[in-house]
Structure formats: structure tokens, C-alpha cells
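Visitor: Encoded as C-alpha cells, here's the structure I'll be asking about.
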Amino acid sequence: MRKVLAGLVGLAVAFPLLAEDFPSRPVRVIVGFTPGGGADTTARMFGERLAELWKQPVLVENRPGAGGSIAADAVSKAPPDGYTLLLASNTNVISQVVNPPAFDIRNFTAIALVTNAPMLIAVNTEKISAKNLQEFSAMLRNAPGKYSYTACNMASTPHFAMEMYRHAMGIDALHVPHKGCAPSVSDAVAGHIPIVITVLPTVLPFIKQGKLRAIALLDAERTPSAPDIPTLRESGIPELKDVSLQSWNGYLAPPGMPGAIAQKLEADIIRIASNPDLKKRLSGAGLDMYVVDAKKTQAQLRSDYDNLARTAKAANIKAE
């Protein structure tokens, strides 16, 4: 018994020391998506600043595939010592809903959410005359099944966001999935599929050129990158007062991480997020700063899961 107590006391003393000295070697951040996307950009921009703060390299490793589950699986099996982190997105939550992996993303140690890629509904200006969400919604309601839309991949975050809107409004429209957001936008610009739901950076150039028209953001708040585009909630349509979905990116760690190390990671990452130059660089890449602490991150993981599970059931969304 004395040995057990001594061991527990030793661990209690060691955790603060570990947190104080952390990190003493390179930290690896695993990203479940290809280079150049929102999650990868977030990992690399934050990684540069964290490396400066910690005086240790921050190594970004891309392991794309299975909706982020390949990367998340690797992190789930890593030691919970703070030296292996997951740069997650809510695509990881979608994967948990439509094709549950062996691990549960909700059991990971939440650190912080840091960025958001705003999503929106946009339409081809020659094919769709609707100028705002009220006109757009009326157009779809008055012609059930007539209009098709594209939202990047099947079971993507934009797809789920559109389904939330569609089911809240009782609208019948056909989803035409693509392999990626860029092909979706190309088809919308060409007028083949006149309605597209995607992240802002992929459509903003075409909106500025007048080829596409922004109808509404699917996020909870307006974005500084395009402050004139209203949200669903601002439309005044009662059914949409609670409808929104963030395309967030943030840090998770393996389950069971010592509290002191998790708290240090949280504090350091949130400290980095307050840097105005970083905010400017992220905005240039089409990302908004979206800083959420560990406790609220854990709550958002569970809330998003519940909302997405309801949407998947209602719209019969399944993995490709």
C-alpha cells in the first residue's frame, strides 16, 4: 500500500513538472487531409508560431483518407504525453456519424478550436434569379424536386449544412455529389448545376466577378472576409433561427492526457491565436479565427455529433 501511495504522489508531482518542461523535444501534429486545405493551413501557420514559443520543432504530418479517420486513428494510439496531436475538423465528427471507426472522436482530449472556414450557398447569376434567402427559399418551395445542388463530396460538411437548411425548410432538392469542392464550383460557374454549397475561399473570386451570387452564410455569424453576406439566422425566416454549422479546425490529443499537459497546450495555443499577424494571414487564406477553449471544444464535439446524427438520419446520408 505504501508503494502504491508513493507512486501516486510521485505521479502528482511529476505531472506539473512535465507540464512546466513541456515540450522538451519535437511535437508532431497529424492532419487527416491533404496539403493546402483549411486544416493543413491551420496546422502549419499555428505550428510556426508554436515552434517559436516552445523553442522546439512542430512537425506537420499529412495522413489523408477516410474523412480524417486515418490520422485520428494514429493519434488515438499514440502516448498521451502531448507530443502527438491531431489537427481535427468537424469532418472527423461526420466520419464518426456516417462510418464509425474503432475509436470515438468524442473521447479524445479536447485542447482548443482555432479556425473556421465559412460556408455559404451561392448560385449561378444567369440561371437563378433569387437575390436573397427569402427569394431563394420561395423558389425551391414552389418547385419541389426541380432544382439540383452540389456540395463538394457526399457526406461533406457543406452537404450536411445544406441538408440542415433543406430539412428545416421542408424543401425538396436533389444533391449531386462531386469529388471535391473545386469541381462543384466549376459546375456551378458553368451553369450545369446552378446551386453550390461550399467554403468561402472557393467561390469568393467568382462572386467578385459576378458569375456567382452569394445567398447566405451557413455559419452562426458573419465573416470578416465577406462581411456583406448575411447568415441563415439573419434572414428572419423562423425555421432557420437555430440553423448553422461551423466548418471548424482545432487541436485534439489522445484520450487520457494528463490535465497539466493538456492545460499548457490549451493556454499556449490560445495565446498564439491572439496574434494579429496570424489572424491576418489566416484571413488571407479564407479562414476566420474561431477560438474555443478546451471545455467548450468538448461540448461542441458532442453537440455537433448529435446535430449531424439527426441530419444524417433525416436525409439518409451514408458514407460513399
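Please note that chains go A, B, ... in the order of the C-alpha cells, that every chain numbers its residues from 1, and that ligands are numbered from 1 in the order shown.
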Go through region 21-83 of chain A residue by residue and, counting only C-alpha atoms, keep those with an atom at most 12 Å from region 263-279 of chain A; for each kept residue give the shortest atom pair and its distance in Å to one decimal, ordered by chain and increasing number, as a Markdown table.
Guide:
| residue | atom | partner | partner_atom | distance |
| --- | --- | --- | --- | --- |
| A:Asp21 | CA | A:Lys264 | CA | 10.2 |
| A:Phe22 | CA | A:Lys264 | CA | 8.2 |
| A:Pro23 | CA | A:Leu265 | CA | 9.6 |
| A:Val27 | CA | A:Leu265 | CA | 11.1 |
| A:Thr41 | CA | A:Leu278 | CA | 11.4 |
| A:Thr42 | CA | A:Leu278 | CA | 10.0 |
| A:Ala43 | CA | A:Ile269 | CA | 11.1 |
| A:Arg44 | CA | A:Leu278 | CA | 11.1 |
| A:Met45 | CA | A:Leu278 | CA | 7.3 |
| A:Phe46 | CA | A:Ile272 | CA | 7.2 |
| A:Gly47 | CA | A:Ile269 | CA | 9.5 |
| A:Glu48 | CA | A:Ile272 | CA | 9.9 |
| A:Arg49 | CA | A:Ile272 | CA | 6.6 |
| A:Leu50 | CA | A:Ile272 | CA | 7.0 |
| A:Ala51 | CA | A:Ile272 | CA | 10.6 |
| A:Glu52 | CA | A:Ile272 | CA | 10.1 |
| A:Leu53 | CA | A:Asp268 | CA | 8.1 |
| A:Trp54 | CA | A:Asp268 | CA | 9.0 |
| A:Asp81 | CA | A:Leu265 | CA | 10.9 |
| A:Gly82 | CA | A:Leu265 | CA | 7.7 |
| A:Tyr83 | CA | A:Leu265 | CA | 10.3 |
Visitor: Please provide the set of residues having any atom within 9 Å of Leu174 (chain A), restricted to only C-alpha atoms, with same-chain residues fewer than 5 positions apart removed, written as a list in words.
Guide: Gly145, Lys146, Tyr147, Ser148, Tyr149 and Thr150 of chain A
Visitor: Can I get the selected residues back with C-alpha atoms, as an mmCIF file, in the first residue's frame?
Guide:
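After the write, result_36.cif holds the following:
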data_model
loop_
_atom_site.group_PDB
_atom_site.id
_atom_site.type_symbol
_atom_site.label_atom_id
_atom_site.label_comp_id
_atom_site.auth_asym_id
_atom_site.auth_seq_id
_atom_site.Cartn_x
_atom_site.Cartn_y
_atom_site.Cartn_z
ATOM 1 C CA GLY A 145 -37.635 18.463 -56.974
ATOM 2 C CA LYS A 146 -36.907 20.829 -59.865
ATOM 3 C CA TYR A 147 -33.569 22.187 -58.676
ATOM 4 C CA SER A 148 -30.335 20.336 -58.010
ATOM 5 C CA TYR A 149 -27.392 21.455 -55.925
ATOM 6 C CA THR A 150 -23.825 20.350 -55.398
#
Visitor: Which is closest to Tyr165 (chain A) among A:Ala74, A:Ala299, A:Leu140, A:Ala285, if we use only C-alpha atoms?
Guide: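 Selected residue with least distance to Tyr165 (chain A): A:Leu140.
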Visitor: Counting only C-alpha atoms, which residues of region 267-293 of chain A sit at most 9 Å from some atom of region 231-250 of chain A, and what is each one's closest atom pair with its distance in Å to one decimal, listed by chain and rising residue number, as JSON lines?
Guide:
{"residue": "A:Tyr290", "atom": "CA", "partner": "A:Trp248", "partner_atom": "CA", "distance": 7.5}
{"residue": "A:Val291", "atom": "CA", "partner": "A:Gly250", "partner_atom": "CA", "distance": 8.7}
{"residue": "A:Val292", "atom": "CA", "partner": "A:Gly250", "partner_atom": "CA", "distance": 8.7}
Visitor: For the atom pair CA of Met257 (chain A) and CA of Lys295 (chain A), what is the interatomic distance in Å to one decimal place?
Guide: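 Computing the Euclidean distance for CA of Met257 (chain A) and CA of Lys295 (chain A) yields 14.3 Å.
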Visitor: What parts of region 216-279 of chain A does DSSP call alpha helix (DSSP H)? I'd like the answer as a list in words.
Guide: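 So, restricting region 216-279 of chain A to alpha helix (DSSP H), we get Gly259, Ala260, Ile261, Ala262, Gln263, Lys264, Leu265, Glu266, Ala267, Asp268, Ile269, Ile270, Arg271, Ile272, Ala273, Pro276, Asp277, Leu278 and Lys279 of chain A.
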Visitor: Using only C-alpha atoms, which protein or nucleic acid residues come within 12 Å of Gly65 (chain A)? Drop anything in the same chain fewer than 3 positions from it, and give the result as a list in words.
Guide: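 Everything that qualifies: Val31, Gly32, Phe33, Thr34, Asn62, Gly68, Ser69, Ile70, Ala71, Ala72, Asp73, Thr91, Asn92 and Ser95 of chain A.
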Visitor: What would the file look like if the residues just selected were written as a PDB file, in the first residue's frame with C-alpha atoms?
Guide:
ATOM      1  CA  VAL A  31      -3.522  16.281 -40.225  1.00  0.00           C
ATOM      2  CA  GLY A  32      -6.101  13.987 -41.804  1.00  0.00           C
ATOM      3  CA  PHE A  33      -6.396  15.989 -45.000  1.00  0.00           C
ATOM      4  CA  THR A  34      -4.271  16.932 -47.996  1.00  0.00           C
ATOM      5  CA  ASN A  62      -0.438  14.750 -43.525  1.00  0.00           C
ATOM      6  CA  GLY A  68      -9.792  12.190 -41.460  1.00  0.00           C
ATOM      7  CA  SER A  69     -10.107   8.837 -39.695  1.00  0.00           C
ATOM      8  CA  ILE A  70      -6.685   7.515 -40.732  1.00  0.00           C
ATOM      9  CA  ALA A  71      -4.970  10.401 -38.961  1.00  0.00           C
ATOM     10  CA  ALA A  72      -7.312  10.237 -35.974  1.00  0.00           C
ATOM     11  CA  ASP A  73      -6.700   6.505 -35.598  1.00  0.00           C
ATOM     12  CA  THR A  91     -15.258  16.264 -40.879  1.00  0.00           C
ATOM     13  CA  ASN A  92     -13.891  13.934 -38.189  1.00  0.00           C
ATOM     14  CA  SER A  95     -16.956  10.348 -40.142  1.00  0.00           C
TER      15      SER A  95
END
Visitor: Hey, what does DSSP flag as strand (DSSP E or B) within region 47-253 of chain A? Can you give it to me as a PDB file with C-alpha atoms, in the first residue's frame?
Guide:
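Listing of result-v5.pdb after writing:
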ATOM      1  CA  VAL A  58       6.493  21.401 -34.648  1.00  0.00           C
ATOM      2  CA  LEU A  59       6.278  18.782 -37.383  1.00  0.00           C
ATOM      3  CA  VAL A  60       3.127  18.683 -39.523  1.00  0.00           C
ATOM      4  CA  GLU A  61       2.364  15.257 -40.982  1.00  0.00           C
ATOM      5  CA  ASN A  62      -0.438  14.750 -43.525  1.00  0.00           C
ATOM      6  CA  THR A  84       1.398  13.772 -30.806  1.00  0.00           C
ATOM      7  CA  LEU A  85      -1.615  15.966 -31.585  1.00  0.00           C
ATOM      8  CA  LEU A  86      -4.466  15.803 -34.095  1.00  0.00           C
ATOM      9  CA  LEU A  87      -5.405  18.844 -36.139  1.00  0.00           C
ATOM     10  CA  ALA A  88      -9.040  17.850 -36.449  1.00  0.00           C
ATOM     11  CA  SER A  89     -12.018  19.309 -38.282  1.00  0.00           C
ATOM     12  CA  THR A 109      -8.655  15.051 -25.065  1.00  0.00           C
ATOM     13  CA  ALA A 110     -10.005  18.394 -26.228  1.00  0.00           C
ATOM     14  CA  ILE A 111      -7.412  21.185 -26.438  1.00  0.00           C
ATOM     15  CA  ALA A 112      -8.879  24.087 -28.454  1.00  0.00           C
ATOM     16  CA  LEU A 113     -10.618  25.028 -31.681  1.00  0.00           C
ATOM     17  CA  VAL A 114      -8.802  27.767 -33.561  1.00  0.00           C
ATOM     18  CA  THR A 115     -10.135  28.423 -37.084  1.00  0.00           C
ATOM     19  CA  ASN A 116     -13.313  28.232 -39.129  1.00  0.00           C
ATOM     20  CA  MET A 119     -19.602  28.007 -45.735  1.00  0.00           C
ATOM     21  CA  LEU A 120     -22.289  29.517 -47.911  1.00  0.00           C
ATOM     22  CA  ILE A 121     -24.969  28.939 -50.506  1.00  0.00           C
ATOM     23  CA  ALA A 122     -24.137  30.506 -53.870  1.00  0.00           C
ATOM     24  CA  VAL A 123     -25.982  30.439 -57.191  1.00  0.00           C
ATOM     25  CA  ASN A 124     -25.230  30.955 -60.862  1.00  0.00           C
ATOM     26  CA  SER A 148     -30.335  20.336 -58.010  1.00  0.00           C
ATOM     27  CA  TYR A 149     -27.392  21.455 -55.925  1.00  0.00           C
ATOM     28  CA  THR A 150     -23.825  20.350 -55.398  1.00  0.00           C
ATOM     29  CA  LEU A 174     -31.503  16.904 -55.376  1.00  0.00           C
ATOM     30  CA  HIS A 175     -27.892  16.662 -54.201  1.00  0.00           C
ATOM     31  CA  ILE A 195     -26.622  25.930 -56.821  1.00  0.00           C
ATOM     32  CA  VAL A 196     -23.425  25.231 -54.888  1.00  0.00           C
ATOM     33  CA  ILE A 197     -22.705  24.928 -51.170  1.00  0.00           C
ATOM     34  CA  THR A 198     -19.032  25.191 -50.337  1.00  0.00           C
ATOM     35  CA  VAL A 199     -16.425  27.043 -48.297  1.00  0.00           C
ATOM     36  CA  LEU A 212     -21.929  33.552 -58.782  1.00  0.00           C
ATOM     37  CA  ARG A 213     -24.208  35.281 -56.268  1.00  0.00           C
ATOM     38  CA  ALA A 214     -23.935  34.693 -52.521  1.00  0.00           C
ATOM     39  CA  ILE A 215     -27.284  33.823 -50.948  1.00  0.00           C
ATOM     40  CA  ALA A 216     -26.413  33.190 -47.291  1.00  0.00           C
ATOM     41  CA  LEU A 217     -23.696  32.012 -44.949  1.00  0.00           C
ATOM     42  CA  THR A 231     -26.334  34.332 -42.285  1.00  0.00           C
ATOM     43  CA  TRP A 248     -14.038  24.339 -37.683  1.00  0.00           C
ATOM     44  CA  ASN A 249     -10.443  23.205 -37.262  1.00  0.00           C
ATOM     45  CA  GLY A 250      -8.774  22.593 -33.927  1.00  0.00           C
ATOM     46  CA  TYR A 251      -6.459  20.557 -31.742  1.00  0.00           C
ATOM     47  CA  LEU A 252      -7.308  17.255 -30.100  1.00  0.00           C
ATOM     48  CA  ALA A 253      -4.953  14.902 -28.245  1.00  0.00           C
TER      49      ALA A 253
END
